[in-house]
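Student: entry21.cif is the file, holding mmCIF, C-alpha atoms and all ligand atoms:
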data_protein
#
loop_
_atom_site.label_atom_id
_atom_site.label_comp_id
_atom_site.auth_asym_id
_atom_site.auth_seq_id
_atom_site.Cartn_x
_atom_site.Cartn_y
_atom_site.Cartn_z
CA MET Y 240 24.31 3.49 12.77
CA PHE Y 241 20.68 2.48 12.35
CA ASN Y 242 19.60 -0.29 14.71
CA VAL Y 243 16.06 -1.70 14.64
CA ASP Y 244 16.19 -2.43 18.39
CA ASN Y 245 16.54 1.30 19.11
CA ILE Y 246 13.33 2.25 17.30
CA THR Y 247 11.20 -0.66 18.53
CA ARG Y 248 8.81 0.21 21.35
CA LYS Y 249 10.12 -1.15 24.65
CA ASN Y 250 7.03 -3.28 25.36
CA ILE Y 251 7.29 -4.82 21.89
CA PHE Y 252 11.04 -5.38 22.24
CA SER Y 253 10.50 -7.39 25.42
CA LEU Y 254 7.25 -9.03 24.30
CA ILE Y 255 6.98 -12.80 24.42
CA PRO Y 256 4.77 -13.50 21.38
CA TYR Y 257 1.83 -15.89 21.33
CA SER Y 258 2.84 -19.27 19.99
CA SER Y 259 0.10 -20.94 17.97
CA ALA Y 260 -0.38 -24.68 17.49
CA ARG Y 261 0.64 -24.42 13.82
CA GLU Y 262 3.80 -22.64 14.84
CA GLU Y 263 4.93 -25.15 17.47
CA PHE Y 264 4.63 -28.06 15.10
CA LYS Y 265 5.37 -27.58 11.40
CA GLY Y 266 6.30 -30.48 9.12
CA GLU Y 267 4.44 -33.55 7.92
CA ALA Y 268 2.01 -35.57 10.04
CA SER Y 269 -1.02 -37.80 9.49
CA VAL Y 270 -3.04 -37.06 12.62
CA TRP Y 271 -3.56 -33.43 13.63
CA LEU Y 272 -5.08 -33.17 17.11
CA ASP Y 273 -3.24 -30.07 18.31
CA ALA Y 274 -5.50 -27.13 17.46
CA ASN Y 275 -9.03 -28.11 18.52
CA GLU Y 276 -10.21 -27.93 14.93
CA ASN Y 277 -13.20 -29.81 13.55
CA PRO Y 278 -11.53 -33.01 12.24
CA PHE Y 279 -13.91 -33.60 9.30
CA GLU Y 280 -11.80 -32.42 6.37
CA THR Y 281 -12.89 -29.60 4.03
CA ASP Y 282 -10.84 -26.90 2.28
CA VAL Y 283 -10.96 -24.72 5.35
CA ASN Y 284 -11.36 -26.81 8.52
CA ARG Y 285 -7.67 -26.33 9.39
CA TYR Y 286 -6.01 -23.11 10.55
CA PRO Y 287 -4.04 -21.39 7.78
CA ASP Y 288 -0.26 -21.32 7.49
CA PRO Y 289 0.66 -18.46 9.88
CA TYR Y 290 3.60 -17.41 7.67
CA GLN Y 291 2.09 -17.98 4.18
CA THR Y 292 5.14 -19.98 3.08
CA GLU Y 293 3.98 -20.85 -0.43
CA LEU Y 294 2.77 -17.34 -1.18
CA LYS Y 295 6.09 -15.87 0.00
CA LYS Y 296 8.08 -18.34 -2.12
CA ALA Y 297 6.21 -17.21 -5.23
CA LEU Y 298 6.50 -13.52 -4.29
CA SER Y 299 10.19 -13.90 -3.56
CA ARG Y 300 10.78 -15.03 -7.13
CA ILE Y 301 8.62 -12.33 -8.73
CA LYS Y 302 9.91 -9.46 -6.59
CA ASN Y 303 13.50 -10.67 -6.37
CA VAL Y 304 13.70 -10.39 -2.57
CA ASP Y 305 14.39 -12.94 0.19
CA GLU Y 306 11.37 -14.72 1.71
CA ASN Y 307 12.43 -13.56 5.18
CA GLN Y 308 12.23 -9.95 3.96
CA ILE Y 309 8.51 -10.28 3.16
CA PHE Y 310 5.50 -9.71 5.42
CA ILE Y 311 2.01 -10.47 4.13
CA GLY Y 312 -0.96 -8.85 5.81
CA ASN Y 313 -4.72 -8.60 5.65
CA GLY Y 314 -4.35 -5.75 3.13
CA SER Y 315 -1.50 -3.25 3.31
CA ASP Y 316 -3.68 -1.33 5.75
CA GLU Y 317 -2.83 -4.06 8.29
CA ALA Y 318 0.89 -3.57 7.62
CA ILE Y 319 0.49 0.19 8.21
CA ASP Y 320 -1.27 -0.43 11.54
CA LEU Y 321 1.32 -2.98 12.69
CA LEU Y 322 4.15 -0.56 11.84
CA PHE Y 323 2.55 2.03 14.13
CA ARG Y 324 2.10 -0.50 16.89
CA ALA Y 325 5.69 -1.75 16.68
CA PHE Y 326 7.63 1.43 16.02
CA CYS Y 327 5.66 4.42 17.37
CA GLU Y 328 5.48 5.11 21.09
CA PRO Y 329 2.01 6.73 21.46
CA GLY Y 330 2.13 10.37 22.50
CA GLN Y 331 5.86 10.52 21.81
CA ASP Y 332 6.96 9.34 18.35
CA LYS Y 333 5.37 10.99 15.31
CA SER Y 334 4.15 10.24 11.84
CA TYR Y 335 5.29 12.44 8.92
CA ILE Y 336 3.24 12.73 5.72
CA PHE Y 337 3.30 14.82 2.54
CA PRO Y 338 -0.28 15.84 1.71
CA PRO Y 339 -2.30 15.59 -0.42
CA THR Y 340 -1.80 11.85 -0.03
CA TYR Y 341 -3.48 8.59 1.03
CA GLY Y 342 -5.78 9.23 4.01
CA MET Y 343 -5.13 5.97 5.85
CA TYR Y 344 -1.73 7.06 7.26
CA GLU Y 345 -3.28 9.77 9.38
CA VAL Y 346 -6.27 7.64 10.42
CA SER Y 347 -3.98 4.81 11.49
CA ALA Y 348 -1.80 7.33 13.38
CA ASN Y 349 -4.88 8.70 15.15
CA ILE Y 350 -6.06 5.20 16.11
CA ASN Y 351 -2.65 4.60 17.64
CA ASN Y 352 -2.54 8.01 19.36
CA VAL Y 353 0.43 9.15 17.28
CA GLU Y 354 0.67 12.80 16.20
CA THR Y 355 0.84 13.47 12.45
CA VAL Y 356 3.14 16.18 11.10
CA ARG Y 357 2.06 17.38 7.65
CA VAL Y 358 4.60 18.87 5.28
CA ASN Y 359 2.74 19.82 2.10
CA LEU Y 360 3.87 18.78 -1.37
CA THR Y 361 4.83 21.66 -3.67
CA ALA Y 362 2.20 23.18 -6.00
CA ASP Y 363 3.09 20.65 -8.71
CA PHE Y 364 2.97 17.80 -6.17
CA GLN Y 365 6.73 17.32 -5.79
CA LEU Y 366 8.29 16.44 -2.43
CA PRO Y 367 9.16 19.47 -0.30
CA ASP Y 368 12.72 20.72 -0.17
CA SER Y 369 14.91 18.58 2.13
CA LYS Y 370 15.65 21.66 4.27
CA GLU Y 371 11.94 22.00 4.91
CA ILE Y 372 11.66 18.30 5.80
CA ILE Y 373 14.63 18.49 8.18
CA LYS Y 374 13.03 21.51 9.87
CA ALA Y 375 9.76 19.61 10.41
CA ILE Y 376 11.30 16.43 11.86
CA ASP Y 377 11.68 16.46 15.63
CA SER Y 378 11.23 12.82 16.60
CA LYS Y 379 11.60 9.29 15.31
CA GLY Y 380 8.53 7.33 14.17
CA LEU Y 381 7.23 6.71 10.64
CA LEU Y 382 7.61 8.84 7.52
CA PHE Y 383 5.30 7.96 4.63
CA ILE Y 384 6.08 8.48 0.94
CA CYS Y 385 3.32 7.30 -1.38
CA SER Y 386 4.80 6.65 -4.84
CA PRO Y 387 2.99 6.79 -7.23
CA ASN Y 388 1.08 9.12 -4.95
CA ASN Y 389 -2.65 8.74 -4.35
CA PRO Y 390 -4.50 10.95 -5.41
CA THR Y 391 -1.98 12.92 -7.53
CA GLY Y 392 -0.62 10.00 -9.60
CA ASN Y 393 3.02 11.12 -9.80
CA ILE Y 394 6.07 9.14 -8.72
CA TYR Y 395 9.12 10.19 -6.65
CA SER Y 396 12.69 9.30 -7.58
CA LEU Y 397 14.64 6.63 -5.71
CA ASP Y 398 17.31 9.28 -5.09
CA ALA Y 399 14.78 11.49 -3.29
CA ILE Y 400 13.71 8.52 -1.17
CA LYS Y 401 17.34 7.73 -0.29
CA GLU Y 402 17.99 11.34 0.64
CA ILE Y 403 14.99 11.47 2.99
CA ALA Y 404 15.85 8.10 4.56
CA ALA Y 405 19.32 9.44 5.37
CA ILE Y 406 17.93 12.39 7.36
CA PHE Y 407 15.31 10.43 9.33
CA SER Y 408 16.06 8.28 12.37
CA GLY Y 409 12.77 6.36 12.17
CA LEU Y 410 11.36 4.19 9.38
CA VAL Y 411 10.67 5.52 5.91
CA VAL Y 412 7.60 3.74 4.52
CA VAL Y 413 7.32 3.88 0.73
CA ASP Y 414 3.79 2.91 -0.30
CA GLU Y 415 3.90 1.45 -3.81
CA ALA Y 416 0.25 0.38 -4.15
CA TYR Y 417 0.32 1.58 -7.79
CA ILE Y 418 3.91 0.71 -8.77
CA ASP Y 419 2.74 -1.99 -11.22
CA PHE Y 420 1.25 0.73 -13.45
CA SER Y 421 4.51 2.69 -13.52
CA ASN Y 422 7.65 2.18 -15.59
CA THR Y 423 9.87 3.12 -12.66
CA THR Y 424 11.95 0.65 -10.61
CA SER Y 425 10.51 -0.31 -7.22
CA ALA Y 426 12.14 0.99 -4.02
CA ILE Y 427 12.59 -2.72 -3.15
CA SER Y 428 15.87 -2.29 -5.07
CA LEU Y 429 17.07 0.05 -2.27
CA LEU Y 430 16.51 -2.39 0.60
CA ASN Y 431 20.13 -3.56 0.73
CA GLU Y 432 21.54 -0.06 1.05
CA VAL Y 433 18.81 1.70 3.09
CA PRO Y 434 18.34 -0.06 6.46
CA ASN Y 435 15.40 2.07 7.67
CA LEU Y 436 13.23 1.43 4.61
CA VAL Y 437 9.89 -0.40 4.39
CA VAL Y 438 8.22 -0.84 0.99
CA LEU Y 439 4.48 -1.53 0.89
CA GLN Y 440 2.73 -3.12 -2.07
CA THR Y 441 -0.71 -4.67 -2.45
CA MET Y 442 -2.60 -7.23 -4.48
CA SER Y 443 -5.69 -4.99 -4.30
CA LYS Y 444 -5.02 -2.90 -7.40
CA ALA Y 445 -3.10 -4.34 -10.39
CA TYR Y 446 -3.43 -7.96 -9.23
CA GLY Y 447 -7.23 -7.71 -9.15
CA LEU Y 448 -7.62 -9.12 -5.64
CA ALA Y 449 -9.08 -6.26 -3.57
CA GLY Y 450 -11.67 -8.67 -2.16
CA LEU Y 451 -9.07 -11.10 -0.83
CA ARG Y 452 -7.19 -8.50 1.26
CA LEU Y 453 -3.54 -9.26 0.56
CA GLY Y 454 -0.97 -6.58 1.31
CA MET Y 455 2.81 -6.90 1.42
CA ALA Y 456 5.63 -5.22 3.27
CA PHE Y 457 9.24 -5.63 2.16
CA ALA Y 458 12.06 -4.65 4.53
CA SER Y 459 15.19 -5.97 6.27
CA LYS Y 460 14.80 -9.31 8.03
CA GLN Y 461 15.19 -7.48 11.38
CA ILE Y 462 12.20 -5.20 10.66
CA ILE Y 463 10.07 -8.08 9.30
CA ASP Y 464 10.86 -10.14 12.42
CA VAL Y 465 9.41 -7.40 14.64
CA ILE Y 466 6.20 -7.17 12.58
CA ASN Y 467 5.84 -10.96 12.63
CA LYS Y 468 6.22 -10.95 16.41
CA ILE Y 469 3.12 -8.76 16.90
CA LYS Y 470 0.86 -9.81 14.01
CA PRO Y 471 -2.33 -11.76 14.76
CA PRO Y 472 -1.25 -15.43 14.43
CA TYR Y 473 -3.53 -16.29 11.52
CA ASN Y 474 -3.83 -12.87 9.86
CA VAL Y 475 -4.17 -14.17 6.28
CA ASN Y 476 -6.95 -16.70 5.79
CA THR Y 477 -6.66 -19.91 3.76
CA LEU Y 478 -8.86 -18.80 0.85
CA SER Y 479 -6.79 -15.64 0.42
CA GLN Y 480 -3.52 -17.56 0.48
CA VAL Y 481 -4.81 -20.02 -2.13
CA GLY Y 482 -6.33 -17.26 -4.28
CA GLY Y 483 -3.18 -15.13 -4.11
CA LEU Y 484 -0.96 -18.06 -5.10
CA LYS Y 485 -3.20 -18.87 -8.04
CA VAL Y 486 -2.85 -15.32 -9.40
CA LEU Y 487 0.92 -15.28 -8.86
CA LYS Y 488 1.26 -18.55 -10.80
CA GLY Y 489 -0.61 -16.98 -13.73
CA ILE Y 490 1.14 -13.63 -13.48
CA THR Y 491 1.23 -13.12 -17.28
CA LYS Y 492 -2.54 -12.57 -17.20
CA VAL Y 493 -2.03 -9.74 -14.72
CA ILE Y 494 0.78 -8.27 -16.84
CA ASN Y 495 -1.49 -8.32 -19.90
CA GLN Y 496 -4.25 -6.51 -18.00
CA ILE Y 497 -1.75 -3.92 -16.74
CA ASN Y 498 -0.56 -3.28 -20.30
CA LYS Y 499 -4.15 -2.86 -21.49
CA LEU Y 500 -4.90 -0.44 -18.66
CA LYS Y 501 -1.81 1.62 -19.47
CA ILE Y 502 -3.01 1.99 -23.06
CA GLU Y 503 -6.50 2.78 -21.81
CA ARG Y 504 -5.02 5.43 -19.50
CA THR Y 505 -3.56 7.18 -22.55
CA THR Y 506 -6.86 6.91 -24.45
CA LEU Y 507 -8.75 8.33 -21.48
CA ILE Y 508 -6.34 11.29 -21.28
CA GLN Y 509 -6.92 11.99 -24.99
CA SER Y 510 -10.71 11.80 -24.67
CA LEU Y 511 -10.78 14.01 -21.57
CA SER Y 512 -8.51 16.65 -23.11
CA SER Y 513 -11.08 17.28 -25.87
CA ILE Y 514 -13.75 18.22 -23.30
CA SER Y 515 -14.14 21.97 -22.68
CA SER Y 516 -14.97 21.74 -18.95
CA VAL Y 517 -11.66 19.93 -18.32
CA ILE Y 518 -9.04 22.42 -17.11
CA LYS Y 519 -6.12 20.11 -16.41
CA ILE Y 520 -5.22 16.42 -16.45
CA TYR Y 521 -2.31 15.64 -14.16
CA PRO Y 522 0.30 13.17 -15.47
CA SER Y 523 -0.24 9.74 -13.89
CA GLU Y 524 1.86 6.63 -13.37
CA ALA Y 525 -1.09 4.92 -11.65
CA ASN Y 526 -4.41 3.43 -12.79
CA PHE Y 527 -6.26 6.66 -12.11
CA LEU Y 528 -6.23 10.25 -13.31
CA LEU Y 529 -6.50 13.40 -11.25
CA VAL Y 530 -8.52 15.83 -13.34
CA GLU Y 531 -9.33 19.47 -12.70
CA PHE Y 532 -12.73 20.67 -13.95
CA GLU Y 533 -14.35 24.09 -14.11
CA ASP Y 534 -16.89 22.89 -11.56
CA SER Y 535 -15.99 19.48 -10.09
CA ASP Y 536 -19.03 19.29 -7.78
CA LYS Y 537 -21.39 19.65 -10.74
CA ILE Y 538 -19.61 16.90 -12.72
CA PHE Y 539 -19.41 14.62 -9.69
CA THR Y 540 -23.08 15.00 -8.71
CA THR Y 541 -24.44 14.68 -12.23
CA LEU Y 542 -22.38 11.56 -12.92
CA ARG Y 543 -23.57 10.05 -9.67
CA LEU Y 544 -27.20 10.58 -10.73
CA LYS Y 545 -26.35 8.64 -13.91
CA GLY Y 546 -24.92 5.79 -11.83
CA ILE Y 547 -21.28 6.62 -12.54
CA ILE Y 548 -19.18 6.91 -9.41
CA ILE Y 549 -15.82 8.66 -9.29
CA ARG Y 550 -13.97 10.23 -6.36
CA ASN Y 551 -14.37 13.90 -5.47
CA ARG Y 552 -11.06 15.31 -4.17
CA THR Y 553 -12.04 18.99 -4.21
CA SER Y 554 -11.69 19.31 -0.43
CA GLU Y 555 -7.94 18.62 -0.81
CA ILE Y 556 -7.26 19.84 -4.37
CA LYS Y 557 -9.73 22.44 -5.61
CA ASN Y 558 -12.09 21.28 -8.39
CA CYS Y 559 -10.27 17.97 -8.82
CA LEU Y 560 -11.81 14.57 -9.36
CA ARG Y 561 -9.99 11.23 -9.22
CA ILE Y 562 -11.06 8.87 -11.97
CA THR Y 563 -10.07 5.19 -12.01
CA VAL Y 564 -9.13 3.84 -15.45
CA GLY Y 565 -11.82 1.29 -16.35
CA THR Y 566 -12.43 -1.02 -19.28
CA PRO Y 567 -12.72 0.61 -22.75
CA GLU Y 568 -16.52 0.28 -22.49
CA GLN Y 569 -16.73 1.84 -19.01
CA ASN Y 570 -14.48 4.71 -20.08
CA LYS Y 571 -16.68 5.40 -23.12
CA VAL Y 572 -19.77 5.56 -20.92
CA LEU Y 573 -17.94 7.98 -18.63
CA ILE Y 574 -16.70 10.23 -21.44
CA ASN Y 575 -20.15 10.38 -23.11
CA ALA Y 576 -21.78 11.23 -19.80
CA ILE Y 577 -19.29 14.05 -19.13
CA LYS Y 578 -19.81 15.40 -22.64
CA GLU Y 579 -23.59 15.55 -22.02
CA ILE Y 580 -23.01 17.75 -18.95
C1 LIG Y 601 -5.52 1.24 -2.42
C2 LIG Y 601 -4.31 1.65 -1.63
C3 LIG Y 601 -3.72 0.76 -0.75
C4 LIG Y 601 -4.26 -0.63 -0.63
O1 LIG Y 601 -4.62 -1.00 0.61
P1 LIG Y 601 -5.05 -2.53 0.83
O2 LIG Y 601 -5.33 -2.52 2.28
O3 LIG Y 601 -3.85 -3.38 0.47
O4 LIG Y 601 -6.22 -2.83 -0.04
C5 LIG Y 601 -2.59 1.15 -0.06
N1 LIG Y 601 -2.05 2.36 -0.25
C6 LIG Y 601 -2.59 3.24 -1.11
C7 LIG Y 601 -1.94 4.54 -1.35
C8 LIG Y 601 -3.74 2.91 -1.82
O5 LIG Y 601 -4.28 3.80 -2.67
#
Rewrite the coordinates I just gave you, this time as structure tokens.
Ligand SMILES: *Cc1c(COP(=O)(O)O)cnc(C)c1O

Tutor:
Amino acid sequence: MFNVDNITRKNIFSLIPYSSAREEFKGEASVWLDANENPFETDVNRYPDPYQTELKKALSRIKNVDENQIFIGNGSDEAIDLLFRAFCEPGQDKSYIFPPTYGMYEVSANINNVETVRVNLTADFQLPDSKEIIKAIDSKGLLFICSPNNPTGNIYSLDAIKEIAAIFSGLVVVDEAYIDFSNTTSAISLLNEVPNLVVLQTMSKAYGLAGLRLGMAFASKQIIDVINKIKPPYNVNTLSQVGGLKVLKGITKVINQINKLKIERTTLIQSLSSISSVIKIYPSEANFLLVEFEDSDKIFTTLRLKGIIIRNRTSEIKNCLRITVGTPEQNKVLINAIKEI
């Protein structure tokens, strides 16, 4: 049986967390002299809510998950780092990834002195055979599945995620940064039946709030409690909490933009497929396309000279560029520039 206590680092398990002023007294009051703040009131003279109560209430409704199963961080990159710090004993536990994928998992592992085991995706970017995964796993720790995957754009089935979670004794972290652009159900729906699952999402992509740094982790209450115990007390600032709440209250605007971008993704695929230097456009359930060119370096460099910046992925996937879906106008500029080359 999976037990969170057994995978929590011993020093974290026995840690007595810092207790902030805002934590020791919640509730209503008229005179706040407990936190050495500047008493002259502005929007930001007070410390923020350490647990982002309002934001979690709104998220709970939208994502259909209990408030106590939500962690909000300073970007999902903070959640990734905290997961390493809570659940990976440096030099002992390991991190498992399926490249080519998001680079931050390995960087965060390196920062935390945790070894990364790489099991490559298949040639068409599917998850490796479960036999191969079982063979590679020789410790607990964290196993990352990015779905839709960055930079390949494809999604993995919930059944595949369940199967992998069943063979791993550590935490399976499903990074759904791009799930809003996909028609597939979120792995959040598996939380009740898969105890060692953490689902990451972010407000940096579809929600249009990359500058605010708001990332989310969804998991069992037991896992969330451990992350909360070690997080910096005021990890999400007041302006971000207010800005995030505002966007969640007007979520239809976000949904409209997502629908436009999905249409624009299709248009961009059509435009690119009529260009002779384009070899292959990989199917994408995200707001970007992975595109193979005859000579990706030439396209990348020439576009850059014209002030158009895309991402060169040729070091991981030969001759491939990752192109974010922009506005109709931006995409036209891009397509015309590629045609000129
Ligand atoms: C962009 C991205 C994120 C977002 O990270 P934030 O810190 O929330 O901005 C997370 N995972 C993947 C795979 C991404 O591409």

Student: Give me, as an mmCIF file with C-alpha atoms, in the coordinates of the input, the set of residues whose atoms come within 9 Å of any atom of ligand LIG 601 (chain Y), counting all atoms listed in the file.

Tutor:
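Printed below is pocket_34.cif as written:
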data_model
loop_
_atom_site.group_PDB
_atom_site.id
_atom_site.type_symbol
_atom_site.label_atom_id
_atom_site.label_comp_id
_atom_site.auth_asym_id
_atom_site.auth_seq_id
_atom_site.Cartn_x
_atom_site.Cartn_y
_atom_site.Cartn_z
ATOM 1 C CA GLY Y 312 -0.960 -8.850 5.810
ATOM 2 C CA ASN Y 313 -4.720 -8.600 5.650
ATOM 3 C CA GLY Y 314 -4.350 -5.750 3.130
ATOM 4 C CA SER Y 315 -1.500 -3.250 3.310
ATOM 5 C CA ASP Y 316 -3.680 -1.330 5.750
ATOM 6 C CA GLU Y 317 -2.830 -4.060 8.290
ATOM 7 C CA ALA Y 318 0.890 -3.570 7.620
ATOM 8 C CA ILE Y 319 0.490 0.190 8.210
ATOM 9 C CA THR Y 340 -1.800 11.850 -0.030
ATOM 10 C CA TYR Y 341 -3.480 8.590 1.030
ATOM 11 C CA GLY Y 342 -5.780 9.230 4.010
ATOM 12 C CA MET Y 343 -5.130 5.970 5.850
ATOM 13 C CA TYR Y 344 -1.730 7.060 7.260
ATOM 14 C CA CYS Y 385 3.320 7.300 -1.380
ATOM 15 C CA SER Y 386 4.800 6.650 -4.840
ATOM 16 C CA PRO Y 387 2.990 6.790 -7.230
ATOM 17 C CA ASN Y 388 1.080 9.120 -4.950
ATOM 18 C CA ASN Y 389 -2.650 8.740 -4.350
ATOM 19 C CA PRO Y 390 -4.500 10.950 -5.410
ATOM 20 C CA ASP Y 414 3.790 2.910 -0.300
ATOM 21 C CA GLU Y 415 3.900 1.450 -3.810
ATOM 22 C CA ALA Y 416 0.250 0.380 -4.150
ATOM 23 C CA TYR Y 417 0.320 1.580 -7.790
ATOM 24 C CA LEU Y 439 4.480 -1.530 0.890
ATOM 25 C CA GLN Y 440 2.730 -3.120 -2.070
ATOM 26 C CA THR Y 441 -0.710 -4.670 -2.450
ATOM 27 C CA MET Y 442 -2.600 -7.230 -4.480
ATOM 28 C CA SER Y 443 -5.690 -4.990 -4.300
ATOM 29 C CA LYS Y 444 -5.020 -2.900 -7.400
ATOM 30 C CA LEU Y 448 -7.620 -9.120 -5.640
ATOM 31 C CA ALA Y 449 -9.080 -6.260 -3.570
ATOM 32 C CA GLY Y 450 -11.670 -8.670 -2.160
ATOM 33 C CA LEU Y 451 -9.070 -11.100 -0.830
ATOM 34 C CA ARG Y 452 -7.190 -8.500 1.260
ATOM 35 C CA LEU Y 453 -3.540 -9.260 0.560
ATOM 36 C CA GLY Y 454 -0.970 -6.580 1.310
ATOM 37 C CA MET Y 455 2.810 -6.900 1.420
#

Student: Between Y:Gly380, Y:Pro289, Y:Gly330, Y:Gly266, which residue has the minimum interatomic distance to Asn467 in chain Y, considering only C-alpha atoms?

Tutor: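 The closest residue to Asn467 in chain Y is Y:Pro289.
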
Student: Taking 4 positions as the minimum chain separation for residues in the same chain, which residues sit within 12 Å of Ser408 in chain Y when counting all atoms listed in the file? Answer as a ChimeraX atom specification.

Tutor: /Y:240-243,245-247,326,332-333,373,376-382,403-404,433-436

Student: Those same residues - C-alpha atoms - I'd like them written as a compact mmCIF listing (two decimals), in the coordinates of the input.

Tutor:
# COMPACT_ATOMS: atom_id res chain seq x y z
CA MET Y 240 24.31 3.49 12.77
CA PHE Y 241 20.68 2.48 12.35
CA ASN Y 242 19.60 -0.29 14.71
CA VAL Y 243 16.06 -1.70 14.64
CA ASN Y 245 16.54 1.30 19.11
CA ILE Y 246 13.33 2.25 17.30
CA THR Y 247 11.20 -0.66 18.53
CA PHE Y 326 7.63 1.43 16.02
CA ASP Y 332 6.96 9.34 18.35
CA LYS Y 333 5.37 10.99 15.31
CA ILE Y 373 14.63 18.49 8.18
CA ILE Y 376 11.30 16.43 11.86
CA ASP Y 377 11.68 16.46 15.63
CA SER Y 378 11.23 12.82 16.60
CA LYS Y 379 11.60 9.29 15.31
CA GLY Y 380 8.53 7.33 14.17
CA LEU Y 381 7.23 6.71 10.64
CA LEU Y 382 7.61 8.84 7.52
CA ILE Y 403 14.99 11.47 2.99
CA ALA Y 404 15.85 8.10 4.56
CA VAL Y 433 18.81 1.70 3.09
CA PRO Y 434 18.34 -0.06 6.46
CA ASN Y 435 15.40 2.07 7.67
CA LEU Y 436 13.23 1.43 4.61

Student: Write out as a list in words the residues lying within 8 Å of Asn551 in chain Y, counting all atoms listed in the file and excluding same-chain residues fewer than 4 positions away.

Tutor: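 With the cut-off at 8 Å, the set is Ser535, Asp536, Phe539, Cys559, Leu560 and Arg561 of chain Y.
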
Student: Okay, now the selection with C-alpha atoms, as a compact mmCIF listing (two decimals), in the frame of the given file?

Tutor:
# COMPACT_ATOMS: atom_id res chain seq x y z
CA SER Y 535 -15.99 19.48 -10.09
CA ASP Y 536 -19.03 19.29 -7.78
CA PHE Y 539 -19.41 14.62 -9.69
CA CYS Y 559 -10.27 17.97 -8.82
CA LEU Y 560 -11.81 14.57 -9.36
CA ARG Y 561 -9.99 11.23 -9.22

Student: State, in Å with one decimal place, the distance from CA of Ala576 in chain Y to CA of Thr563 in chain Y.

Tutor: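 Those two atoms sit 15.3 Å apart.
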